[in-house]
file entry_39.tsv (TSV, C-alpha atoms and all ligand atoms)
chain	number	residue	atom	x	y	z
W	16	MET	CA	-20.62	20.96	-16.62
W	17	SER	CA	-17.76	19.86	-18.86
W	18	GLY	CA	-16.28	18.01	-15.86
W	19	LEU	CA	-19.48	15.99	-15.47
W	20	ARG	CA	-19.75	15.43	-19.22
W	21	ASP	CA	-16.23	14.01	-19.23
W	22	ARG	CA	-17.23	11.57	-16.54
W	23	TYR	CA	-20.31	10.38	-18.40
W	24	THR	CA	-18.59	10.06	-21.77
W	25	GLY	CA	-15.51	8.48	-20.24
W	26	ARG	CA	-12.96	11.06	-21.38
W	27	LEU	CA	-9.73	10.54	-19.48
W	28	ALA	CA	-9.08	12.89	-16.59
W	29	ASP	CA	-6.13	15.28	-16.59
W	30	VAL	CA	-4.32	13.81	-13.61
W	31	SER	CA	-1.68	16.54	-13.72
W	32	ALA	CA	-4.35	19.05	-12.62
W	33	PRO	CA	-4.18	20.15	-8.95
W	34	GLY	CA	-5.74	17.63	-6.57
W	35	MET	CA	-6.39	14.99	-9.26
W	36	GLY	CA	-5.47	11.40	-8.48
W	37	ARG	CA	-4.98	12.14	-4.82
W	38	ALA	CA	-6.29	9.53	-2.35
W	39	ALA	CA	-8.01	10.43	0.91
W	40	GLN	CA	-5.13	9.14	3.00
W	41	HIS	CA	-6.85	9.82	6.30
W	42	LEU	CA	-9.80	7.46	5.60
W	43	GLN	CA	-9.87	4.07	7.33
W	44	PRO	CA	-12.26	1.12	7.03
W	45	ILE	CA	-15.04	1.11	9.64
W	46	ASN	CA	-14.00	-2.32	10.94
W	47	GLY	CA	-10.25	-1.88	11.30
W	48	ARG	CA	-7.39	-0.03	9.71
W	49	TYR	CA	-5.33	-0.28	6.55
W	50	ASP	CA	-1.82	-1.62	7.13
W	51	VAL	CA	-0.74	-0.37	3.72
W	52	ALA	CA	-1.44	3.05	2.22
W	53	SER	CA	-2.32	3.35	-1.49
W	54	LEU	CA	-0.94	6.12	-3.64
W	55	GLN	CA	-1.01	6.63	-7.41
W	56	THR	CA	1.62	8.59	-9.34
W	57	SER	CA	0.41	7.82	-12.88
W	58	ARG	CA	-2.36	6.16	-14.88
W	59	GLY	CA	-2.35	4.23	-18.13
W	60	CYS	CA	-0.21	1.71	-19.97
W	61	PRO	CA	0.81	1.67	-23.64
W	62	VAL	CA	1.39	-2.10	-23.93
W	63	GLY	CA	-2.27	-2.87	-24.63
W	64	CYS	CA	-2.50	-6.58	-23.77
W	65	GLU	CA	-5.63	-8.08	-25.29
W	66	TYR	CA	-7.09	-9.33	-21.99
W	67	CYS	CA	-6.28	-6.24	-19.89
W	68	SER	CA	-8.79	-3.55	-18.96
W	69	VAL	CA	-6.14	-0.93	-18.16
W	70	THR	CA	-5.67	0.48	-21.64
W	71	LYS	CA	-9.43	0.77	-22.10
W	72	PHE	CA	-10.01	2.15	-18.64
W	73	ASN	CA	-6.97	4.36	-18.08
W	74	GLY	CA	-5.69	4.90	-21.62
W	75	ALA	CA	-2.62	3.98	-23.65
W	76	ASN	CA	-0.69	7.12	-22.73
W	77	ILE	CA	0.87	7.22	-19.31
W	78	ARG	CA	-0.57	10.30	-17.60
W	79	ARG	CA	1.50	11.62	-14.70
W	80	ARG	CA	0.61	13.63	-11.64
W	81	SER	CA	2.71	16.59	-10.62
W	82	ILE	CA	5.77	15.47	-8.67
W	83	ASP	CA	5.20	18.16	-6.02
W	84	GLU	CA	1.69	16.84	-5.36
W	85	ILE	CA	2.93	13.26	-5.17
W	86	ILE	CA	5.62	14.20	-2.65
W	87	GLU	CA	3.12	16.13	-0.57
W	88	GLU	CA	0.76	13.13	-0.51
W	89	TRP	CA	3.69	10.75	0.10
W	90	ASN	CA	4.67	12.71	3.18
W	91	SER	CA	1.10	12.81	4.47
W	92	THR	CA	0.47	9.03	4.36
W	93	PRO	CA	-0.03	7.74	7.90
W	94	ARG	CA	1.36	4.26	7.08
W	95	ARG	CA	5.04	3.41	6.62
W	96	PHE	CA	4.24	0.96	3.83
W	97	ILE	CA	2.78	2.10	0.51
W	98	PHE	CA	1.29	0.29	-2.47
W	99	VAL	CA	2.01	2.56	-5.43
W	100	THR	CA	-0.97	1.58	-7.55
W	101	ASP	CA	0.32	2.72	-10.95
W	102	ASP	CA	-0.59	0.53	-13.91
W	103	ASN	CA	3.00	0.57	-15.17
W	104	PHE	CA	5.33	2.51	-12.84
W	105	PHE	CA	8.45	2.57	-15.02
W	106	GLY	CA	6.73	2.53	-18.43
W	107	VAL	CA	8.29	1.19	-21.59
W	108	GLY	CA	10.57	3.80	-23.18
W	109	PRO	CA	13.30	6.33	-22.31
W	110	LYS	CA	10.78	9.15	-21.79
W	111	HIS	CA	8.80	7.13	-19.25
W	112	ALA	CA	11.99	5.95	-17.53
W	113	GLU	CA	13.32	9.51	-17.20
W	114	TRP	CA	10.11	10.71	-15.57
W	115	ALA	CA	10.09	7.74	-13.16
W	116	LYS	CA	13.75	8.35	-12.25
W	117	GLU	CA	13.12	12.03	-11.61
W	118	LEU	CA	10.25	11.10	-9.30
W	119	LEU	CA	12.50	8.61	-7.49
W	120	ARG	CA	15.23	11.25	-7.07
W	121	GLN	CA	12.68	13.63	-5.58
W	122	ILE	CA	11.36	10.95	-3.21
W	123	ILE	CA	14.93	10.27	-2.06
W	124	ARG	CA	15.56	13.99	-1.60
W	125	ARG	CA	12.26	15.20	-0.16
W	126	GLY	CA	10.11	12.21	0.73
W	127	ARG	CA	9.61	10.71	4.17
W	128	LYS	CA	11.19	7.30	4.60
W	129	ARG	CA	8.69	4.75	3.37
W	130	LEU	CA	8.87	1.21	2.06
W	131	TRP	CA	6.76	0.52	-0.99
W	132	PHE	CA	5.98	-1.78	-3.87
W	133	SER	CA	4.39	-1.20	-7.26
W	134	GLN	CA	3.64	-2.71	-10.67
W	135	THR	CA	5.76	-2.43	-13.77
W	136	THR	CA	6.82	-4.22	-16.94
W	137	ILE	CA	9.82	-6.55	-17.23
W	138	ASN	CA	11.97	-4.00	-19.12
W	139	MET	CA	12.73	-2.17	-15.85
W	140	GLY	CA	15.09	-5.06	-15.05
W	141	ASP	CA	17.49	-3.65	-17.69
W	142	ASP	CA	17.81	-0.22	-16.09
W	143	ALA	CA	20.40	-0.50	-13.33
W	144	GLU	CA	20.21	3.22	-12.54
W	145	GLY	CA	16.40	3.17	-12.26
W	146	LEU	CA	16.51	0.07	-10.05
W	147	LYS	CA	19.16	1.56	-7.78
W	148	LEU	CA	17.15	4.76	-7.38
W	149	ALA	CA	13.98	2.72	-6.72
W	150	TYR	CA	15.70	0.79	-3.93
W	151	GLN	CA	17.12	3.98	-2.42
W	152	ALA	CA	13.62	5.48	-2.52
W	153	GLY	CA	12.30	2.51	-0.51
W	154	CYS	CA	11.05	0.12	-3.20
W	155	ARG	CA	11.22	-3.49	-2.01
W	156	GLY	CA	9.07	-5.28	-4.55
W	157	MET	CA	7.66	-5.01	-8.06
W	158	LEU	CA	4.72	-6.93	-9.46
W	159	ILE	CA	5.52	-7.98	-13.02
W	160	GLY	CA	3.10	-9.66	-15.41
W	161	PHE	CA	5.13	-12.48	-16.96
W	162	GLU	CA	1.82	-14.18	-17.91
W	163	THR	CA	3.32	-17.27	-19.56
W	164	PHE	CA	6.52	-18.89	-20.80
W	165	ASN	CA	4.88	-19.70	-24.15
W	166	ARG	CA	5.90	-17.42	-27.04
W	167	GLU	CA	2.72	-18.14	-29.01
W	168	SER	CA	0.51	-17.29	-26.04
W	169	LEU	CA	2.36	-13.98	-25.62
W	170	LYS	CA	1.73	-13.30	-29.30
W	171	ASP	CA	-1.97	-14.04	-28.84
W	172	TYR	CA	-2.03	-11.77	-25.77
W	173	HIS	CA	-0.42	-8.95	-27.82
W	174	LYS	CA	2.26	-8.68	-25.13
W	175	GLY	CA	5.20	-7.82	-27.37
W	176	ILE	CA	7.35	-6.48	-24.55
W	177	ASN	CA	7.42	-9.95	-22.95
W	178	ARG	CA	7.72	-11.84	-26.24
W	179	ASN	CA	10.78	-9.78	-27.16
W	180	ASN	CA	12.35	-10.47	-23.78
W	181	LEU	CA	11.27	-14.08	-23.22
W	182	SER	CA	14.78	-15.48	-23.56
W	183	ARG	CA	16.03	-12.80	-21.12
W	184	TYR	CA	13.51	-13.28	-18.32
W	185	LYS	CA	16.14	-14.67	-15.95
W	186	GLU	CA	18.63	-11.90	-16.73
W	187	LEU	CA	15.97	-9.25	-16.11
W	188	VAL	CA	14.77	-10.83	-12.86
W	189	ASP	CA	18.41	-10.92	-11.73
W	190	GLY	CA	18.57	-7.16	-12.43
W	191	PHE	CA	15.81	-6.52	-9.87
W	192	HIS	CA	17.47	-8.82	-7.34
W	193	ARG	CA	20.87	-7.24	-7.86
W	194	ALA	CA	19.32	-3.91	-6.85
W	195	GLY	CA	17.75	-5.50	-3.75
W	196	ILE	CA	14.18	-5.53	-5.12
W	197	SER	CA	12.03	-8.67	-4.95
W	198	VAL	CA	9.88	-9.85	-7.85
W	199	PHE	CA	6.21	-10.67	-7.57
W	200	GLY	CA	5.43	-12.73	-10.71
W	201	ALA	CA	1.91	-12.80	-12.15
W	202	PHE	CA	0.93	-15.60	-14.54
W	203	ILE	CA	-2.23	-16.40	-16.46
W	204	ILE	CA	-3.48	-19.88	-17.36
W	205	GLY	CA	-6.02	-20.51	-20.08
W	206	ALA	CA	-4.37	-19.57	-23.38
W	207	ASP	CA	-5.02	-21.72	-26.44
W	208	GLN	CA	-1.63	-23.36	-25.96
W	209	ASP	CA	-2.18	-24.31	-22.29
W	210	THR	CA	-2.65	-27.94	-21.30
W	211	GLU	CA	-3.19	-29.87	-18.06
W	212	GLU	CA	0.55	-29.65	-17.42
W	213	THR	CA	0.84	-25.88	-17.74
W	214	VAL	CA	0.16	-24.88	-14.12
W	215	ALA	CA	2.81	-27.29	-12.82
W	216	GLU	CA	5.28	-26.21	-15.50
W	217	THR	CA	4.65	-22.53	-14.76
W	218	ALA	CA	5.27	-23.09	-11.04
W	219	VAL	CA	8.56	-24.87	-11.78
W	220	GLN	CA	9.74	-22.33	-14.36
W	221	SER	CA	8.89	-19.37	-12.15
W	222	VAL	CA	10.87	-20.81	-9.27
W	223	LYS	CA	13.82	-21.47	-11.59
W	224	LEU	CA	13.69	-17.82	-12.62
W	225	GLY	CA	14.00	-16.85	-8.97
W	226	ILE	CA	10.58	-15.23	-8.66
W	227	ASP	CA	9.91	-14.47	-5.01
W	228	THR	CA	6.15	-14.71	-4.89
W	229	ILE	CA	3.92	-16.12	-7.57
W	230	GLN	CA	0.32	-15.46	-8.54
W	231	ILE	CA	-1.45	-17.72	-11.05
W	232	THR	CA	-4.95	-16.76	-12.19
W	233	ASN	CA	-7.47	-17.89	-14.79
W	234	LEU	CA	-7.53	-15.99	-18.05
W	235	THR	CA	-10.63	-13.80	-17.73
W	236	PRO	CA	-12.29	-11.92	-20.60
W	237	LEU	CA	-13.09	-8.69	-18.79
W	238	PRO	CA	-15.90	-6.66	-20.37
W	239	GLY	CA	-14.68	-3.91	-22.67
W	240	THR	CA	-11.42	-5.67	-23.52
W	241	ARG	CA	-10.56	-6.78	-27.02
W	242	LEU	CA	-10.43	-10.36	-25.76
W	243	TYR	CA	-14.02	-10.12	-24.55
W	244	GLU	CA	-15.21	-8.70	-27.85
W	245	ARG	CA	-13.35	-11.31	-29.90
W	246	TRP	CA	-14.57	-14.24	-27.81
W	247	MET	CA	-18.14	-12.98	-27.72
W	248	ALA	CA	-18.05	-12.85	-31.54
W	249	GLU	CA	-16.61	-16.39	-31.57
W	250	LYS	CA	-19.24	-17.53	-29.00
W	251	LYS	CA	-16.46	-18.83	-26.79
W	252	ILE	CA	-17.80	-17.28	-23.55
W	253	PHE	CA	-20.57	-19.26	-21.83
W	254	ALA	CA	-21.08	-17.20	-18.64
W	255	THR	CA	-23.33	-14.65	-20.33
W	256	ASN	CA	-26.40	-14.62	-18.11
W	257	TYR	CA	-25.87	-10.98	-17.14
W	258	PRO	CA	-26.02	-9.31	-14.70
W	259	GLU	CA	-25.83	-12.43	-12.46
W	260	ASP	CA	-22.85	-13.90	-14.29
W	261	TRP	CA	-20.68	-10.81	-13.79
W	262	GLU	CA	-20.05	-12.24	-10.31
W	263	ARG	CA	-18.20	-15.12	-11.96
W	264	TYR	CA	-15.54	-12.91	-13.59
W	265	THR	CA	-13.27	-13.16	-10.58
W	266	PHE	CA	-10.00	-14.60	-12.02
W	267	VAL	CA	-10.62	-17.88	-10.15
W	268	GLU	CA	-13.33	-19.28	-12.42
W	269	THR	CA	-13.11	-20.11	-16.11
W	270	VAL	CA	-16.03	-18.48	-17.91
W	271	TYR	CA	-15.21	-19.60	-21.47
W	272	HIS	CA	-14.41	-22.80	-23.34
W	273	PRO	CA	-10.61	-23.32	-23.30
W	274	SER	CA	-9.05	-25.00	-26.35
W	275	ASN	CA	-7.38	-28.03	-24.78
W	276	MET	CA	-9.64	-28.98	-21.88
W	277	SER	CA	-13.00	-28.19	-20.32
W	278	ALA	CA	-13.50	-25.05	-18.23
W	279	ALA	CA	-14.06	-27.25	-15.16
W	280	ARG	CA	-10.80	-29.10	-15.77
W	281	LEU	CA	-8.85	-25.85	-16.04
W	282	ASP	CA	-10.30	-24.74	-12.70
W	283	GLU	CA	-9.24	-28.09	-11.20
W	284	MET	CA	-5.66	-27.58	-12.40
W	285	ILE	CA	-5.48	-24.26	-10.56
W	286	TYR	CA	-7.15	-25.87	-7.52
W	287	GLU	CA	-4.19	-28.30	-7.43
W	288	LEU	CA	-1.86	-25.32	-7.13
W	289	ARG	CA	-3.87	-23.70	-4.31
W	290	HIS	CA	-4.02	-27.05	-2.51
W	291	ALA	CA	-0.24	-27.43	-2.71
W	292	ALA	CA	0.22	-23.84	-1.51
W	293	ALA	CA	-2.03	-24.50	1.49
W	294	THR	CA	-0.56	-27.84	2.53
W	295	THR	CA	3.17	-27.60	1.79
W	296	PRO	CA	5.71	-25.92	4.10
W	297	TRP	CA	7.41	-23.39	1.85
W	298	VAL	CA	7.10	-19.83	3.14
W	299	TRP	CA	10.37	-19.67	5.09
W	300	LEU	CA	12.30	-21.29	2.24
W	301	ARG	CA	11.18	-18.50	-0.07
W	302	THR	CA	12.09	-15.87	2.50
W	303	LEU	CA	15.59	-17.26	2.85
W	304	ARG	CA	16.06	-17.50	-0.87
W	305	THR	CA	14.83	-13.92	-1.38
W	306	PHE	CA	17.35	-12.77	1.22
W	307	ARG	CA	20.10	-14.72	-0.54
W	308	MET	CA	19.25	-13.16	-3.89
W	309	THR	CA	18.52	-9.58	-2.83
W	310	ARG	CA	20.76	-9.27	0.24
W	311	SER	CA	18.01	-7.05	1.62
W	312	ILE	CA	16.39	-7.89	4.95
W	313	THR	CA	13.45	-5.60	4.27
W	314	SER	CA	12.79	-7.17	0.85
W	315	ALA	CA	12.95	-10.65	2.41
W	316	LEU	CA	10.54	-9.56	5.16
W	317	PHE	CA	8.21	-8.06	2.56
W	318	ILE	CA	8.21	-11.37	0.67
W	319	HIS	CA	7.71	-13.27	3.91
W	320	GLY	CA	4.58	-11.24	4.65
W	321	MET	CA	3.25	-11.63	1.10
W	322	ASN	CA	3.80	-15.39	0.99
W	323	LYS	CA	2.47	-15.91	4.52
W	324	GLY	CA	-0.68	-14.02	3.56
W	325	TRP	CA	-0.99	-15.99	0.34
W	326	LYS	CA	-0.65	-19.31	2.15
W	327	ARG	CA	-3.24	-18.21	4.69
W	328	MET	CA	-5.68	-17.31	1.91
W	329	ALA	CA	-5.11	-20.73	0.29
W	330	GLN	CA	-5.78	-22.39	3.66
W	331	LEU	CA	-8.99	-20.41	4.17
W	332	GLN	CA	-10.03	-21.34	0.64
W	333	LEU	CA	-9.33	-25.04	1.16
W	334	PRO	CA	-12.71	-26.12	2.64
W	335	LYS	CA	-14.55	-24.01	0.06
W	336	ASP	CA	-12.48	-25.58	-2.73
W	337	GLU	CA	-13.16	-29.08	-1.42
W	338	ALA	CA	-16.89	-28.36	-1.36
W	339	ARG	CA	-16.80	-26.80	-4.83
W	340	PHE	CA	-14.71	-29.49	-6.53
W	341	GLY	CA	-15.83	-32.49	-4.44
W	342	PHE	CA	-12.35	-34.04	-4.15
W	343	THR	CA	-8.91	-33.56	-2.62
W	344	PRO	CA	-6.10	-33.50	-5.19
W	345	ARG	CA	-4.18	-36.79	-5.23
W	346	ILE	CA	-0.43	-37.08	-5.51
W	347	ASN	CA	0.41	-37.44	-9.19
W	348	GLU	CA	3.23	-36.30	-11.44
W	349	ARG	CA	1.67	-32.84	-11.77
W	350	THR	CA	0.98	-32.21	-8.09
W	351	ARG	CA	4.41	-33.59	-7.17
W	352	LYS	CA	6.02	-31.03	-9.50
W	353	ILE	CA	4.02	-28.19	-7.94
W	354	ARG	CA	4.95	-29.27	-4.41
W	355	ASP	CA	8.60	-29.61	-5.36
W	356	ALA	CA	8.51	-26.12	-6.85
W	357	PHE	CA	7.03	-24.74	-3.63
W	358	ARG	CA	9.62	-26.56	-1.56
W	359	LEU	CA	12.44	-25.43	-3.89
W	360	THR	CA	13.61	-29.05	-3.93
W	361	LEU	CA	17.37	-29.00	-4.24
W	362	ALA	CA	17.85	-32.56	-5.41
W	363	LYS	CA	15.46	-32.26	-8.34
W	364	TYR	CA	15.97	-28.66	-9.32
W	365	PRO	CA	19.40	-27.56	-8.11
W	366	SER	CA	19.22	-24.54	-10.42
W	367	MET	CA	16.47	-23.11	-8.20
W	368	TRP	CA	19.17	-21.99	-5.80
W	369	ALA	CA	21.83	-21.42	-8.41
W	370	ALA	CA	21.25	-17.72	-8.97
W	371	GLU	CA	24.53	-15.88	-8.57
W	372	PRO	CA	24.74	-14.22	-5.17
W	373	VAL	CA	24.54	-10.52	-5.84
W	374	PRO	CA	26.42	-7.60	-4.27
W	375	ALA	CA	24.67	-6.04	-1.29
W	376	PRO	CA	22.62	-2.89	-1.90
W	377	ALA	CA	22.60	-0.06	0.61
W	378	ALA	CA	21.61	-1.41	4.03
W	379	GLY	CA	17.88	-1.47	4.75
W	401	LIG	S1	1.47	-4.47	-19.50
W	401	LIG	FE1	0.13	-4.86	-17.73
W	401	LIG	S2	-1.04	-3.00	-17.40
W	401	LIG	FE2	-0.12	-2.86	-19.44
W	401	LIG	S3	-1.75	-3.59	-20.80
W	401	LIG	FE3	-0.44	-5.36	-20.32
W	401	LIG	S4	-1.35	-6.35	-18.51
W	401	LIG	FE4	-2.28	-4.30	-18.73
call {"tool": "encode", "arguments": {"input": "entry_39.tsv", "output": "structure tokens"}}
result
Amino acid sequence: MSGLRDRYTGRLADVSAPGMGRAAQHLQPINGRYDVASLQTSRGCPVGCEYCSVTKFNGANIRRRSIDEIIEEWNSTPRRFIFVTDDNFFGVGPKHAEWAKELLRQIIRRGRKRLWFSQTTINMGDDAEGLKLAYQAGCRGMLIGFETFNRESLKDYHKGINRNNLSRYKELVDGFHRAGISVFGAFIIGADQDTEETVAETAVQSVKLGIDTIQITNLTPLPGTRLYERWMAEKKIFATNYPEDWERYTFVETVYHPSNMSAARLDEMIYELRHAAATTPWVWLRTLRTFRMTRSITSALFIHGMNKGWKRMAQLQLPKDEARFGFTPRINERTRKIRDAFRLTLAKYPSMWAAEPVPAPAAG
């Protein structure tokens, strides 16, 4: 009974209990098969960004599964590639880092050889030992929420860990690359400080940082988050015809009134980015640059697959975008910048290739 009550009242599960947090690794979709297995080692994140549902949904404390259970599940996954779906794999302090490193040591010692990627915060880039262990354990990519290059926006987002490290982004990204691990950079557009130029600037800055694959989404006030509650009180959200409007909270549609432009205009700015992604040759350039920076063939291949898939999605989206927006983006200063960023244009942005070549990690 208490188990059911916990579910209804939303009390957080004890994921260290036997069997908790384990995925049914043998299940496959009825119309195909998963190429990537999913596995979770922990839940929760203490950072508490205002727009993020994780802290509300999974809690501010990082709750860990037993290492023995993780290794057992790790060894039973039928796929050779794993998405470790933790909210924040490495965590934010010495205690979190020690646990993550112990898990990595155990994977190296007892785990079957797998390649994997996960999600973490930027601070992991400072921990050379943790990064080395992660690479040895098969990690080839980490998704990191950079969100923005604007200090004020980071303050509004309550993302102190990024604000404190903003001037060190490049140094921290280099730390991942030095270990052989690629960086998947996530950015959000739609803060009060964002303008029509922000998407183009973000694309350029992220390439200058050396980010291997980039994801830019609309700021979305997910229900239950502090951002949602604040904006509802301020009457800033207009997509409130629930339940129908829940379908619009998809990270590709602006459902509130931004400060510096209309919601439709913000969507158009991100459409320009998708259009450039779909119509510019850039995937191989990124692959080569990732190889140059990580000296890891498997990381470069991982990035190649990610970027190829992303370009394909942008191409599939193209006719839908054209129908939705009713125009094809013209060449202008903004779109030129985005295309140049995708092409890693040497003449305009020589620093895009200027990252110091890094020593080779263990072969793989
Ligand atoms: S660091 Fe990431 S997971 Fe943690 S609260 Fe912020 S956005 Fe969510």
call {"tool": "atom_distance", "arguments": {"input": "entry_39.tsv", "atom1": "CA of Gly145 (chain W)", "atom2": "CA of Phe104 (chain W)"}}
result
11.1 Å
call {"tool": "residues_near_ligand", "arguments": {"input": "entry_39.tsv", "ligand": "ligand LIG 401 (chain W)", "cutoff": "12 Å", "atoms": "all atoms listed in the file", "output": "PDB file with C-alpha atoms, in the coordinates of the input"}}
result
ATOM      1  CA  SER W  57       0.410   7.820 -12.880  1.00  0.00           C
ATOM      2  CA  ARG W  58      -2.360   6.160 -14.880  1.00  0.00           C
ATOM      3  CA  GLY W  59      -2.350   4.230 -18.130  1.00  0.00           C
ATOM      4  CA  CYS W  60      -0.210   1.710 -19.970  1.00  0.00           C
ATOM      5  CA  PRO W  61       0.810   1.670 -23.640  1.00  0.00           C
ATOM      6  CA  VAL W  62       1.390  -2.100 -23.930  1.00  0.00           C
ATOM      7  CA  GLY W  63      -2.270  -2.870 -24.630  1.00  0.00           C
ATOM      8  CA  CYS W  64      -2.500  -6.580 -23.770  1.00  0.00           C
ATOM      9  CA  GLU W  65      -5.630  -8.080 -25.290  1.00  0.00           C
ATOM     10  CA  TYR W  66      -7.090  -9.330 -21.990  1.00  0.00           C
ATOM     11  CA  CYS W  67      -6.280  -6.240 -19.890  1.00  0.00           C
ATOM     12  CA  SER W  68      -8.790  -3.550 -18.960  1.00  0.00           C
ATOM     13  CA  VAL W  69      -6.140  -0.930 -18.160  1.00  0.00           C
ATOM     14  CA  THR W  70      -5.670   0.480 -21.640  1.00  0.00           C
ATOM     15  CA  LYS W  71      -9.430   0.770 -22.100  1.00  0.00           C
ATOM     16  CA  PHE W  72     -10.010   2.150 -18.640  1.00  0.00           C
ATOM     17  CA  ASN W  73      -6.970   4.360 -18.080  1.00  0.00           C
ATOM     18  CA  GLY W  74      -5.690   4.900 -21.620  1.00  0.00           C
ATOM     19  CA  ALA W  75      -2.620   3.980 -23.650  1.00  0.00           C
ATOM     20  CA  ASN W  76      -0.690   7.120 -22.730  1.00  0.00           C
ATOM     21  CA  ILE W  77       0.870   7.220 -19.310  1.00  0.00           C
ATOM     22  CA  THR W 100      -0.970   1.580  -7.550  1.00  0.00           C
ATOM     23  CA  ASP W 101       0.320   2.720 -10.950  1.00  0.00           C
ATOM     24  CA  ASP W 102      -0.590   0.530 -13.910  1.00  0.00           C
ATOM     25  CA  ASN W 103       3.000   0.570 -15.170  1.00  0.00           C
ATOM     26  CA  PHE W 104       5.330   2.510 -12.840  1.00  0.00           C
ATOM     27  CA  PHE W 105       8.450   2.570 -15.020  1.00  0.00           C
ATOM     28  CA  GLY W 106       6.730   2.530 -18.430  1.00  0.00           C
ATOM     29  CA  VAL W 107       8.290   1.190 -21.590  1.00  0.00           C
ATOM     30  CA  SER W 133       4.390  -1.200  -7.260  1.00  0.00           C
ATOM     31  CA  GLN W 134       3.640  -2.710 -10.670  1.00  0.00           C
ATOM     32  CA  THR W 135       5.760  -2.430 -13.770  1.00  0.00           C
ATOM     33  CA  THR W 136       6.820  -4.220 -16.940  1.00  0.00           C
ATOM     34  CA  ILE W 137       9.820  -6.550 -17.230  1.00  0.00           C
ATOM     35  CA  ASN W 138      11.970  -4.000 -19.120  1.00  0.00           C
ATOM     36  CA  LEU W 158       4.720  -6.930  -9.460  1.00  0.00           C
ATOM     37  CA  ILE W 159       5.520  -7.980 -13.020  1.00  0.00           C
ATOM     38  CA  GLY W 160       3.100  -9.660 -15.410  1.00  0.00           C
ATOM     39  CA  PHE W 161       5.130 -12.480 -16.960  1.00  0.00           C
ATOM     40  CA  GLU W 162       1.820 -14.180 -17.910  1.00  0.00           C
ATOM     41  CA  THR W 163       3.320 -17.270 -19.560  1.00  0.00           C
ATOM     42  CA  LEU W 169       2.360 -13.980 -25.620  1.00  0.00           C
ATOM     43  CA  TYR W 172      -2.030 -11.770 -25.770  1.00  0.00           C
ATOM     44  CA  HIS W 173      -0.420  -8.950 -27.820  1.00  0.00           C
ATOM     45  CA  LYS W 174       2.260  -8.680 -25.130  1.00  0.00           C
ATOM     46  CA  GLY W 175       5.200  -7.820 -27.370  1.00  0.00           C
ATOM     47  CA  ILE W 176       7.350  -6.480 -24.550  1.00  0.00           C
ATOM     48  CA  ASN W 177       7.420  -9.950 -22.950  1.00  0.00           C
ATOM     49  CA  ARG W 178       7.720 -11.840 -26.240  1.00  0.00           C
ATOM     50  CA  GLY W 200       5.430 -12.730 -10.710  1.00  0.00           C
ATOM     51  CA  ALA W 201       1.910 -12.800 -12.150  1.00  0.00           C
ATOM     52  CA  PHE W 202       0.930 -15.600 -14.540  1.00  0.00           C
ATOM     53  CA  ILE W 203      -2.230 -16.400 -16.460  1.00  0.00           C
ATOM     54  CA  LEU W 234      -7.530 -15.990 -18.050  1.00  0.00           C
ATOM     55  CA  THR W 235     -10.630 -13.800 -17.730  1.00  0.00           C
ATOM     56  CA  LEU W 237     -13.090  -8.690 -18.790  1.00  0.00           C
ATOM     57  CA  THR W 240     -11.420  -5.670 -23.520  1.00  0.00           C
ATOM     58  CA  ARG W 241     -10.560  -6.780 -27.020  1.00  0.00           C
TER      59      ARG W 241
END
call {"tool": "closest_residue", "arguments": {"input": "entry_39.tsv", "among": "W:Asn275, W:Thr228, W:Pro258, W:Thr313", "to": "Trp131 (chain W)", "atoms": "all atoms listed in the file"}}
result
W:Thr313
call {"tool": "closest_residue", "arguments": {"input": "entry_39.tsv", "among": "W:Arg94, W:Arg155, W:Arg310, W:His272", "to": "Met247 (chain W)", "atoms": "all atoms listed in the file"}}
result
W:His272
call {"tool": "residues_around", "arguments": {"input": "entry_39.tsv", "residues": "Ser197 (chain W)", "least_positions_apart": "2", "cutoff": "8 Å", "atoms": "all atoms listed in the file", "output": "list in words"}}
result
Arg155, Gly156, Met157, Phe191, His192, Gly195, Phe199, Ile226, Asp227, Thr305, Thr309, Ser314, Ala315 and Ile318 of chain W
call {"tool": "atom_distance", "arguments": {"input": "entry_39.tsv", "atom1": "CA of Glu186 (chain W)", "atom2": "CA of Ala356 (chain W)"}}
result
20.1 Å
call {"tool": "closest_residue", "arguments": {"input": "entry_39.tsv", "among": "W:Gly205, W:His41, W:Gln151, W:Pro109", "to": "Arg124 (chain W)", "atoms": "all atoms listed in the file"}}
result
W:Gln151
call {"tool": "residues_near_point", "arguments": {"input": "entry_39.tsv", "point": "(-18.9, -14.7, -21.3)", "cutoff": "12 Å", "atoms": "all atoms listed in the file", "output": "PyMOL selection string"}}
result
chain W and resi 234-240+242-264+268-272
call {"tool": "closest_residue", "arguments": {"input": "entry_39.tsv", "among": "W:Trp114, W:Phe306, W:Phe96, W:Phe266", "to": "Arg79 (chain W)", "atoms": "all atoms listed in the file"}}
result
W:Trp114
call {"tool": "closest_residue", "arguments": {"input": "entry_39.tsv", "among": "W:Ser91, W:Ala115, W:Ala32, W:Ile196", "to": "Arg307 (chain W)", "atoms": "only C-alpha atoms"}}
result
W:Ile196
call {"tool": "residues_around", "arguments": {"input": "entry_39.tsv", "residues": "Glu211 (chain W)", "least_positions_apart": "4", "cutoff": "12 Å", "atoms": "all atoms listed in the file", "output": "ChimeraX atom specification"}}
result
/W:204-207,215-217,273-288,348-350
call {"tool": "residues_around", "arguments": {"input": "entry_39.tsv", "residues": "region 290-295 of chain W", "least_positions_apart": "3", "cutoff": "7 Å", "atoms": "all atoms listed in the file", "output": "PyMOL selection string"}}
result
chain W and resi 286-287+326+329-330+333+353-354
call {"tool": "atom_distance", "arguments": {"input": "entry_39.tsv", "atom1": "CA of His319 (chain W)", "atom2": "CA of Gln55 (chain W)"}}
result
24.5 Å
call {"tool": "closest_residue", "arguments": {"input": "entry_39.tsv", "among": "W:Val298, W:Leu224, W:Ile45, W:Ile122", "to": "Ile86 (chain W)", "atoms": "all atoms listed in the file"}}
result
W:Ile122
